[in-house]
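Here the structure is laid out as structure tokens; the discussion comes afterwards.
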Amino acid sequence: MVLPRSVSDALIELLKPIASELRERLGSSAVKERFAEIDPSGPSALNQQVKQDPRWIKAQIRYLQRQQAREQELIAIACVEAEGGQDEKINRIKAEELRDRRALGRLCRELMREFQAEAVRVKLNEIQTLWDKDNWFSNLSRQETEQILQQQQHRLLVLVSPAKISADCPDSFRHNLNLELPAKLRIFLNQHYPQHGDLCPVQFYGDYFKQAISDIDVERLQTILSPVPTAILYSDISDYEVNFHVGFWGIIGQNVSVIAMQPWNWEEVYHQLEAEGKDRKLSLRLIRQVIVTIHKLLAAFLADLYYLSIDFTHEPQLFNLYEELAKEWLSQEWMVPYIEALREIQQQQRIACEGEMRRLAAREAKAKAERKRLEESERKRREEAEAVSKKKKQLVYKLKNQKWRCEYTLPGHSSFVNSLAISPAGDILASGSWDKTIKVWELETGELIGTLTGHSDRVNSVAISEDGKLLVSGSSDETIKFWSLHSGDLLCTFPGHSMEVNSVAIDPKGHVLASCGGSDNTIKLWNLRTGQLLRTLIGHSDNVNAVVFSPDGQILASGSSDATSKIWDVETGKLLRTLSGLNLGVNSVAIGPDGEILASVSNDYTIKLRNLHTGGLLRILSSHARKGKGMGLETSEALHILQNYVSRGNSVAIGRDGLTLASGCDDNTVKIWNLQTGELLTSLLGHSGTVYSVAISPLGNVLASGSADETIKIWRCD
């Protein structure tokens, strides 16, 4: 039997709005989800948890990779001329695609259930209070309701309420509809949305409610079953029309949604059928069947809508139900709004999810490339570390076995040789003396190139710029003088400090000059090009004896008679840290070529090695054995304490190999140490007075020492 055309048109108009409204709501929810405007307890929040789970990300990327491989295989098949077995290959590829989609959907539901577990646990703790507070309308006991919450399978719960039927309705409605509705809906859902199925499981209850429900009852039920996505179908029938209602939560959002259709005038349909000659019994049966079929359509649509919202691989079952519903006098046109809505949502979901998968794949590829880069970097780092370690071992071996010999003794000064500097090229040596002069020497031959005069008191310090063009000297005459290293011309004179200038240093970039003075206890930083005083560093409480720049020029270290070394930020002049525990004044400081180690020589007969950046004590070279008192420091601070450095230290220099440390002292010797191990390698004998200054050439094979015996010695190692 076919319903009159006018009846079908009316039903289409009746059914169309709910499909449109749900489609719009789902689209709006998807937009909110993209911008994270989601209910933290709702399915959108669960979706976000699933999307962020490493298992889901890995599965999506694997699915996309397999899908792309299948696409390439299909293209290859299409490009080959027809041959046997092609259909079989295509069918195999389609079967693999279907299997992968179902596996992805299954994982999605498993993760959803896993993430729902906490919400279920909370609800189980409060269910008794809710149950006792309300005059409950369920046929099920509290324990049976708890079992619904505790189902291990993720599924959509669908409930149908008994229809509220007016006493003025025909007996056929009042006696039969509430029997037919749950029974036929159960058969329909068990067949197409089975609870224990693998695609879109629905748990259906046709007898959950004791009696007909209203909108407020949907709200009440949500307080108990909120962790479970649920759809409730309920209707009321008067003597002339039917009102269909849908209530749900967890499908689009966690909040309760209640939607009512436009009323359907069944009485008008009855009169049309009567006019066509249908008997009363058959006409009423047909109208009941339409009411049941509309419930089926709504239940199927809501189930497919839910599974589309969480799983883009879901293929709506409603697409395949034309024939079955047509047997129940349902025109295919009735389903069109729902089919169109599902197709549109399906397309949107697939576009969004495939885009997300591609972003994940791109991110994973980037992460993989980064991991590969880091692994390669780590491999290179290990190789370089091994090479450095090997080189250091070779250097250590070389250091232990090298033989130093005095190649030249350079006379010429008439008083103590107080300071030495070797040019970056390693070809020029400059020496400053208490005889008020600076002498410039050819390092390779020991030949005197020239004598620079101009200071009116002893020269305490000399320094050569990184470009090898400029020589700077500091003197007890309270001035700093700038000389051309190659011509010997005096370029300019800076007023220095209130008394003698004890030490000068040029930063590696050649921009800043540091100087330290006597009684004013200060360090001054100058613009090397303009002569402008940049800043004065104040912090020491006694004479500042030595200054040195780090290899990058960003840090300045100073040593003072106040028994401290201080570390300064060159750019700001800020004091970074004070290194105390030195007992007696610091005469000389040096920084290793890697910028990590600070060496300081004190009047307590020790050389202390510290981490430049933390101030941590690394090693102590020597103690004064003759006094029998050690160093006056807790020996647990140091890694190495060597007992054979028996004289007061005056100067220290570190070679560019980072392994060689040379020190001069008042026992007239130069001592060569292994900086890494603290081992004393050798003592160079030959001076007849205190060694006030030492300098190591860039190649590390030449060492110069200046002494109170008024000579300079040039030492060369084999």
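Order determines the names: the first chain of the structure tokens is A, the second B, and so forth; residues in each chain are numbered 1 upward, and ligands are numbered 1 upward as they are shown.
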
*Return as a PyMOL selection string the full set of residues in stretch 213-414 of chain A whose backbone-based DSSP assignment is alpha helix (DSSP H).*
chain A and resi 215-225+266-275+280-310+322-326+332-401

With C-alpha atoms retained, export the selected residues as a compact mmCIF listing (two decimals), in the first residue's frame.
# COMPACT_ATOMS: atom_id res chain seq x y z
CA ASP A 215 11.18 17.10 28.64
CA ILE A 216 11.93 17.57 32.34
CA ASP A 217 12.35 13.82 32.75
CA VAL A 218 15.10 13.88 30.12
CA GLU A 219 16.92 16.46 32.24
CA ARG A 220 16.49 14.28 35.34
CA LEU A 221 17.78 11.17 33.61
CA GLN A 222 20.89 13.00 32.39
CA THR A 223 21.99 13.52 36.01
CA ILE A 224 22.30 9.73 36.33
CA LEU A 225 23.50 8.65 32.89
CA TRP A 266 -2.99 11.82 11.93
CA GLU A 267 -6.71 12.40 11.92
CA GLU A 268 -6.44 14.20 8.58
CA VAL A 269 -4.53 11.23 7.14
CA TYR A 270 -7.17 8.91 8.54
CA HIS A 271 -9.92 10.82 6.75
CA GLN A 272 -7.94 10.74 3.47
CA LEU A 273 -7.55 6.97 3.72
CA GLU A 274 -11.22 6.64 4.58
CA ALA A 275 -12.08 8.68 1.49
CA ARG A 280 -11.08 1.80 9.78
CA LYS A 281 -8.95 -1.04 11.15
CA LEU A 282 -6.44 -0.98 8.28
CA SER A 283 -6.21 2.80 8.26
CA LEU A 284 -5.43 2.99 11.98
CA ARG A 285 -2.89 0.16 11.60
CA LEU A 286 -1.20 2.10 8.78
CA ILE A 287 -1.04 5.26 10.90
CA ARG A 288 0.46 3.28 13.82
CA GLN A 289 3.01 1.81 11.45
CA VAL A 290 3.99 5.28 10.22
CA ILE A 291 4.48 6.41 13.85
CA VAL A 292 6.72 3.36 14.53
CA THR A 293 8.66 3.87 11.29
CA ILE A 294 9.33 7.52 12.10
CA HIS A 295 10.80 6.34 15.43
CA LYS A 296 13.02 3.90 13.50
CA LEU A 297 14.16 6.64 11.15
CA LEU A 298 14.99 8.98 14.05
CA ALA A 299 16.81 6.25 15.99
CA ALA A 300 18.89 5.26 12.94
CA PHE A 301 19.68 8.88 12.12
CA LEU A 302 20.78 9.65 15.69
CA ALA A 303 22.95 6.50 15.83
CA ASP A 304 24.67 7.32 12.53
CA LEU A 305 24.99 10.96 13.56
CA TYR A 306 26.76 9.98 16.78
CA TYR A 307 29.21 7.59 15.17
CA LEU A 308 30.00 10.08 12.43
CA SER A 309 30.76 12.68 15.08
CA ILE A 310 33.43 10.48 16.69
CA TYR A 322 15.69 2.28 1.84
CA GLU A 323 14.17 -1.06 0.96
CA GLU A 324 13.42 -2.16 4.50
CA LEU A 325 11.69 1.06 5.47
CA ALA A 326 9.84 1.12 2.16
CA GLN A 332 12.18 7.03 0.02
CA GLU A 333 11.54 10.75 -0.18
CA TRP A 334 10.93 10.80 3.56
CA MET A 335 14.55 9.77 4.11
CA VAL A 336 16.08 12.30 1.73
CA PRO A 337 16.63 15.11 4.33
CA TYR A 338 18.33 12.64 6.68
CA ILE A 339 20.45 11.02 3.99
CA GLU A 340 21.55 14.44 2.73
CA ALA A 341 22.36 15.62 6.24
CA LEU A 342 24.43 12.49 6.93
CA ARG A 343 26.28 12.73 3.62
CA GLU A 344 27.12 16.37 4.23
CA ILE A 345 28.35 15.64 7.75
CA GLN A 346 30.27 12.60 6.52
CA GLN A 347 32.00 14.69 3.85
CA GLN A 348 32.87 17.44 6.33
CA GLN A 349 34.20 14.90 8.83
CA ARG A 350 36.33 13.13 6.24
CA ILE A 351 37.79 16.36 4.91
CA ALA A 352 38.55 17.56 8.43
CA CYS A 353 39.97 14.24 9.62
CA GLU A 354 42.02 13.55 6.51
CA GLY A 355 43.40 17.07 6.79
CA GLU A 356 44.20 16.37 10.42
CA MET A 357 45.89 13.09 9.47
CA ARG A 358 47.98 14.85 6.84
CA ARG A 359 48.99 17.46 9.40
CA LEU A 360 49.87 14.67 11.82
CA ALA A 361 51.82 12.86 9.12
CA ALA A 362 53.66 16.07 8.24
CA ARG A 363 54.33 16.71 11.91
CA GLU A 364 55.51 13.13 12.36
CA ALA A 365 57.72 13.41 9.28
CA LYS A 366 59.15 16.62 10.67
CA ALA A 367 59.63 15.01 14.08
CA LYS A 368 61.22 11.98 12.42
CA ALA A 369 63.55 14.24 10.46
CA GLU A 370 64.35 16.11 13.67
CA ARG A 371 65.00 12.83 15.49
CA LYS A 372 67.23 11.75 12.65
CA ARG A 373 68.99 15.11 12.76
CA LEU A 374 69.45 14.82 16.52
CA GLU A 375 70.66 11.24 16.18
CA GLU A 376 73.07 12.32 13.48
CA SER A 377 74.11 15.28 15.59
CA GLU A 378 74.58 12.99 18.59
CA ARG A 379 76.55 10.55 16.44
CA LYS A 380 78.77 13.38 15.23
CA ARG A 381 79.05 14.70 18.76
CA ARG A 382 80.16 11.27 19.99
CA GLU A 383 82.59 10.95 17.11
CA GLU A 384 83.93 14.43 17.79
CA ALA A 385 84.10 13.69 21.51
CA GLU A 386 85.92 10.46 20.76
CA ALA A 387 88.24 12.35 18.41
CA VAL A 388 88.81 15.04 21.03
CA SER A 389 89.35 12.36 23.67
CA LYS A 390 91.77 10.57 21.39
CA LYS A 391 93.51 13.83 20.61
CA LYS A 392 93.69 14.69 24.29
CA LYS A 393 95.15 11.28 25.05
CA GLN A 394 97.70 11.86 22.33
CA LEU A 395 98.39 15.34 23.71
CA VAL A 396 98.61 14.00 27.25
CA TYR A 397 101.08 11.42 26.05
CA LYS A 398 102.92 14.10 24.14
CA LEU A 399 102.90 16.42 27.15
CA LYS A 400 104.26 13.72 29.41
CA ASN A 401 107.04 12.89 27.00

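Taking only C-alpha atoms into account, A:Leu685 lies nearest to A:Arg405 out of the set A:Arg66, A:Arg101, A:Arg405, A:Arg55.
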
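Minimum atom-to-atom distance to A:Asp477, evaluated using only C-alpha atoms, belongs to A:Lys436 out of A:Arg716, A:Lys436, A:His511, A:Lys574.
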
*What is the atom CA of A:Thr453-atom CA of A:His486 distance in Å, reported with one decimal?*
14.8 Å

*Please measure the separation of atom CA of A:Ser707 and atom CA of A:Val462, giving the value in Å to one decimal.*
15.1 Å

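Of the residues under consideration (A:Asp207, A:Val512, A:Leu157, A:Ser503), A:Ser503 shows the shortest atom-to-atom contact distance to A:Ser560 when counting only C-alpha atoms.
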
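Relative to atom CA of A:Glu96, atom CA of A:Thr313 is found at 13.4 Å.
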
*A:Ala117: which residues within 10 Å, counting only C-alpha atoms, same-chain residues fewer than 5 positions away excluded, as JSON, numbers by chain?*
{"A": [111, 112, 122, 123, 149, 150, 152, 227]}

Those residues you just picked out, can you put them in a file as a JSON list (two decimals), in the first residue's frame with C-alpha atoms?
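Result file selection09.json:
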[["chain", "number", "residue", "atom", "x", "y", "z"],
["A", 111, "LEU", "CA", 39.85, 4.95, 23.64],
["A", 112, "MET", "CA", 36.54, 6.77, 24.18],
["A", 122, "VAL", "CA", 32.61, 9.68, 39.75],
["A", 123, "LYS", "CA", 28.98, 9.05, 38.78],
["A", 149, "LEU", "CA", 27.14, 2.77, 33.32],
["A", 150, "GLN", "CA", 29.65, -0.03, 33.74],
["A", 152, "GLN", "CA", 32.75, -2.31, 28.96],
["A", 227, "PRO", "CA", 28.78, 9.68, 31.08]]

*Neighbours of stretch 438-447 of chain A within 6 Å (only C-alpha atoms; same-chain residues fewer than 6 positions away dropped), as a PyMOL selection string?*
chain A and resi 427-432

*Mind checking which residues fall within 12 Å of A:Thr572, counting only C-alpha atoms, ignoring those fewer than 3 positions away in the same chain, and posting them as JSON, numbers by chain?*
{"A": [525, 534, 535, 536, 537, 554, 555, 556, 568, 569, 575, 576]}

*For stretch 654-666 of chain A, please output as number ranges by chain all residues within 9 Å (counting only C-alpha atoms; exclusion window: fewer than 5 positions along the same chain).*
A: 392, 395-396, 399, 590-594, 599, 601, 605, 607, 647-649, 671-677, 689-700, 703, 705-707
